Every structure is written in C-alpha cells, then in structure tokens.
Amino acid sequence: MQTRRSLLTGASGLAVSLAVMSASPAEAKRSQRKKAVVSPAQQAVAPSGPPAITPIGPFATSAQYAFIMDYNTGAVLMDKLADQPMHPSSLTKIMTCYIVFAMLRTGRIKLDQMLPVSENAWRMQGSKMFVPLNGQVSVQDLIQGVIIQSGNDACIVLAEGIAGSEQQFVAIMNDWAPKLGLKHTHFMNCTGWPDDNHLMSAHDIALIAYHLIHDYPEYYHFFSEKEFTFNHITQGNRNVLVDKGLADGLKTGHTAAGGYGLCASSERNGRRVIMVVNGMSSMNERAHESERLLQWAFNQFENVKLFNKGEVIETAPVWMGTSPTVPLVAGEDLVMTLPVGWRNKMQVALDYNAPIAAPITKGQPVQASLSIQNGGQAIQVPVVAGESVPKSGMISRTFKNIGYHFGRKI
C-alpha cells in the first residue's frame, strides 16, 4: 500500500521542523540585505534569444548559453540551452587540467617534474605562456600557465609529456568524458582551438568543474591565483570574477565561433555555486553578465536542511512484527536548494510502501521519496529503519492474519 505522509506544511509539522521553517533574526537581516539595489555592473544587458529556465520562472540573460548549479545539492538554478553542443574555446582546458590532476594523483607525473618543449608546442598560436623552444618546464609551471595565462603552448607540452602526443592525450579526454557523465562533448584538441567537431555543452562544462573541485581539491587552489610570471613575463588571471574576489576559479574562453565564455565557482557561507556562460559578444559583457548571474544565484536561493542524519522522519506501521511500528530515519543529512522564502510555505510529503514487513534490521534501506509541492520536486532520499523489529511468533502471526482478513470482510 502506497502511503503519503505530509511532513512539513508552512510553519506547522514536526516539532523538529520548526527550526527549519523559521528564520533567525540573523537570517532575516541577510534576507533584507539581499534586496539591496545592485550596482551598475550587475545590471542586465540586452538579452540574447529565449529566456533561461529557472525554478522561479523565466530569466533574461545576454548569454547565449547558461547553466548554474548548486555544488552541494546538485540543484539546477538556471538552464539556457545548457545541453546544446557549442564551441567551448579555452573552457576546454578545465578538462585538460582534470586529466593532469588525475596523473598527479596516481604518481604518473610530479609537480617538480620537467617536461620538454617541442617545436610543435613552441609554435602553438593563440594565448601563450611563452615556453622556450627545446627547453624544459616544470609541471607546476605548466599548470599555472594553462590556468592563469590560458597558455595553449603549455597545454601541448603537458599533453605530449603525459601521452606522447596531443592526439593520444585527446583520446584520454574523450575516454574520460562519459565516465564523468558528459553527454554532449567531443574533444578534438586539448586547448579549445577552433574546430567544427570540437564541441561541449554548458552542462557538461559544469560537470567537469564539479568533478575537478570534488575529486582533486588539493590542486584547485591553482585556479584562484591572480597572476603568474614565467620567462620574465607576468600575466594576470583572465577570470575577472577571480580577480575581483567574487569567485575562486575556474576559466575563461573566447574564439570567434564560440564568443566570450566563462566557467566560475564561488563559495559563500558554506554554499558553493558553479556557473557556466558562453556566447557573449565582448569581454565587458562577459564580465558584467557573469557577475550579475553569480550574484543572482546566491541572492535568490538558499540551502535548507530538512533532516539531520539519524533523525526520525516518520513512524511506519509494521506487518507481522514484534512491534507494530518502526521509526524511519534519514540515512544522511537532507539538504535542499530552494528559492529564498519558500521554506516558510513549502509542503513536504514522504511517499513509501506500508506496512513494512518484518523482520526489519536497523539500518535497512526503505524505498521512499520526498515530494515538494511548492515547486513540484520529487527526490529520492535515503531512508532507513531506525530500529530492528523481529518477526513475530507463529501464533501471533496467525491471529494477526485472521484479524487482518476478518477486518477486510467487515
């Protein structure tokens, strides 16, 4: 029998929910600050194409492609043609860095290892680190050259040093793509150099950024460095959000075919957001619009903890057990990303099959899902039995069976 239990409705519901549903004075002040007038740099520029899709309705942006997600919960905050393949330009280098970090983790290469500079790498055009012909450069310098200076030449040195050639390195990139959940990506090079068949989606770029931050946190700090000097040439980080202290990574990109793009991540008050925008017409537009969208993501949404790990969510009926009920508890902390203010009026219901047949073991998973009526979300949540309930004896089961069938006839 499918059972739906309403858990939270506005300010009512479980006693433990009241703390979740009621904002503290400090939170109220933060909400008031969020309504402050934005600066000119945060004002919207002319929208491009259809509006983006968000949980709070359509949103106009000048970015041709946009995708914003909450790192902690995976919630999608904005989607504008996010699964459409596009020309990623130097945003490709996030994947190049992911592969390099994987090789560092496994010991295949080391930060202080020197790699040779081929003529192929030295002649590479576009943004450059200015590696010396026939010289050697450390892996760490090359990583900084890729991330901060967006050096195409540095990418080639790393690719050739790791895989023997850029083509073989690109094969590794394409092999890793489906493992990271990328569905609209095909690499032709490791730099983002223009190629009609070199394509990624904004969603895929955000996923790479997520995995890079999650899988290799020990190397993520390279993305927050504001400048790097190599060969007596100092270049600043091209990510204006990093330069202004609004983000701690990741990368910019630009080609004639792809326009101006940016992938950025920022953490504020324990909440991290990942944003990808692409297809804008100028550096100025990219800077202003990316700042506006990042501020919007933090101002309009918040992460709300509904239940703590081990907290009783519901008391469910038991069939043929020594106890008539069993507590269902959260298998992990349950946090959801919601529009600001929604927690005061949202309705949460738990769906599960009842009664639960004995025997039941403490920690046993229970199939359940949470539905958020104010927003239409339905999510799978790890719910487990909070106690063990042995199967009742044969005589007890017989009487319960008789009572059950007799009750049905009545």
# chains A, B, ... in the order shown; residues from 1 in each chain; ligands from 1
>>> select_by_dssp(residues="stretch 283-339 of chain A", states="strand (DSSP E)", output="JSON, numbers by chain")
{"A": [301, 302, 303, 304, 305, 306, 307, 312, 313, 314, 315, 316, 317, 318, 319, 325, 326, 327, 328, 329, 330, 334, 335, 336, 337, 338, 339]}
>>> residues_around(residues="A:Val146", least_positions_apart="2", cutoff="10 Å", atoms="only C-alpha atoms", output="list in words")
Ser90, Lys93, Ile94, Thr96, Cys97, Ser127, Lys128, Met129, Gln140, Asp141, Leu142, Ile143, Gln144, Ile148, Gln149, Ser150, Gly151, Asn152, Asp153, Ala154, Cys155, Ile156, Leu158, Thr191, Phe222, Phe223 and Lys251 of chain A
>>> residues_around(residues="A:Asp204", least_positions_apart="3", cutoff="12 Å", atoms="only C-alpha atoms", output="PyMOL selection string")
chain A and resi 65-69+81-86+88+91-92+94-95+177-186+199-201+207-211+263+274-277
>>> write_last_selection(atoms="C-alpha atoms", output="short mmCIF file (atom, residue, chain, number, x, y, z; two decimals), in the first residue's frame")
data_model
loop_
_atom_site.label_atom_id
_atom_site.label_comp_id
_atom_site.auth_asym_id
_atom_site.auth_seq_id
_atom_site.Cartn_x
_atom_site.Cartn_y
_atom_site.Cartn_z
CA TYR A 65 24.17 29.51 -23.25
CA ALA A 66 23.97 29.38 -19.45
CA PHE A 67 23.95 26.78 -16.71
CA ILE A 68 24.12 27.33 -12.95
CA MET A 69 24.07 24.56 -10.35
CA LEU A 81 20.27 25.75 -23.94
CA ALA A 82 22.59 24.03 -21.46
CA ASP A 83 22.56 20.67 -23.25
CA GLN A 84 23.14 22.09 -26.71
CA PRO A 85 26.66 21.43 -28.06
CA MET A 86 28.63 24.65 -28.51
CA PRO A 88 33.82 25.80 -25.76
CA LEU A 91 36.89 26.27 -21.31
CA THR A 92 38.22 23.00 -22.74
CA ILE A 94 39.28 22.58 -17.45
CA MET A 95 39.17 19.01 -18.79
CA ALA A 177 34.12 12.17 -20.87
CA PRO A 178 31.35 9.54 -20.47
CA LYS A 179 32.82 8.43 -17.13
CA LEU A 180 32.19 11.96 -15.84
CA GLY A 181 28.63 11.95 -17.17
CA LEU A 182 29.31 14.18 -20.17
CA LYS A 183 26.70 13.60 -22.89
CA HIS A 184 27.26 16.42 -25.37
CA THR A 185 31.05 16.60 -25.58
CA HIS A 186 33.61 15.63 -28.18
CA LEU A 199 32.06 20.66 -29.00
CA MET A 200 30.85 20.76 -25.42
CA SER A 201 27.66 21.82 -23.67
CA LEU A 207 30.02 18.74 -14.56
CA ILE A 208 33.75 18.77 -15.29
CA ALA A 209 34.16 21.71 -12.93
CA TYR A 210 32.21 19.84 -10.26
CA HIS A 211 34.35 16.72 -10.59
CA CYS A 263 33.10 28.96 -16.03
CA ILE A 274 29.11 26.57 -10.29
CA MET A 275 28.23 28.77 -13.28
CA VAL A 276 28.89 28.41 -17.00
CA VAL A 277 28.04 31.10 -19.56
#
>>> residues_around(residues="stretch 70-74 of chain A", least_positions_apart="3", cutoff="7 Å", atoms="only C-alpha atoms", output="list in words")
Tyr210, Arg271, Arg272, Val273, Ile274, Val335, Met336 and Thr337 of chain A
>>> residues_around(residues="stretch 311-317 of chain A", least_positions_apart="6", cutoff="9 Å", atoms="only C-alpha atoms", output="JSON, numbers by chain")
{"A": [5, 7, 14, 323, 324, 325, 326, 327, 328, 329, 330, 331, 332, 333, 350, 354, 355, 356, 357, 383, 386]}
>>> atom_distance(atom1="atom CA of A:Phe230", atom2="atom CA of A:Ile172")
28.1 Å
>>> select_by_dssp(residues="stretch 133-358 of chain A", states="alpha helix (DSSP H)", output="PyMOL selection string")
chain A and resi 139-147+152-163+166-176+202-215+240-243+283-300
>>> closest_residue(among="A:Ile213, A:Phe301, A:Ala385, A:Pro390", to="A:Met78", atoms="only C-alpha atoms")
A:Phe301
>>> closest_residue(among="A:Pro50, A:Gly321, A:Gly341, A:Gly363", to="A:Lys309", atoms="only C-alpha atoms")
A:Gly363
>>> atom_distance(atom1="atom CA of A:Ser224", atom2="atom CA of A:Gly249")
5.3 Å
>>> closest_residue(among="A:Ala63, A:Phe187, A:Phe298, A:Gly49", to="A:Val340", atoms="only C-alpha atoms")
A:Phe298
>>> closest_residue(among="A:Ala257, A:Leu241, A:Leu262, A:Leu115", to="A:Val137", atoms="only C-alpha atoms")
A:Leu115
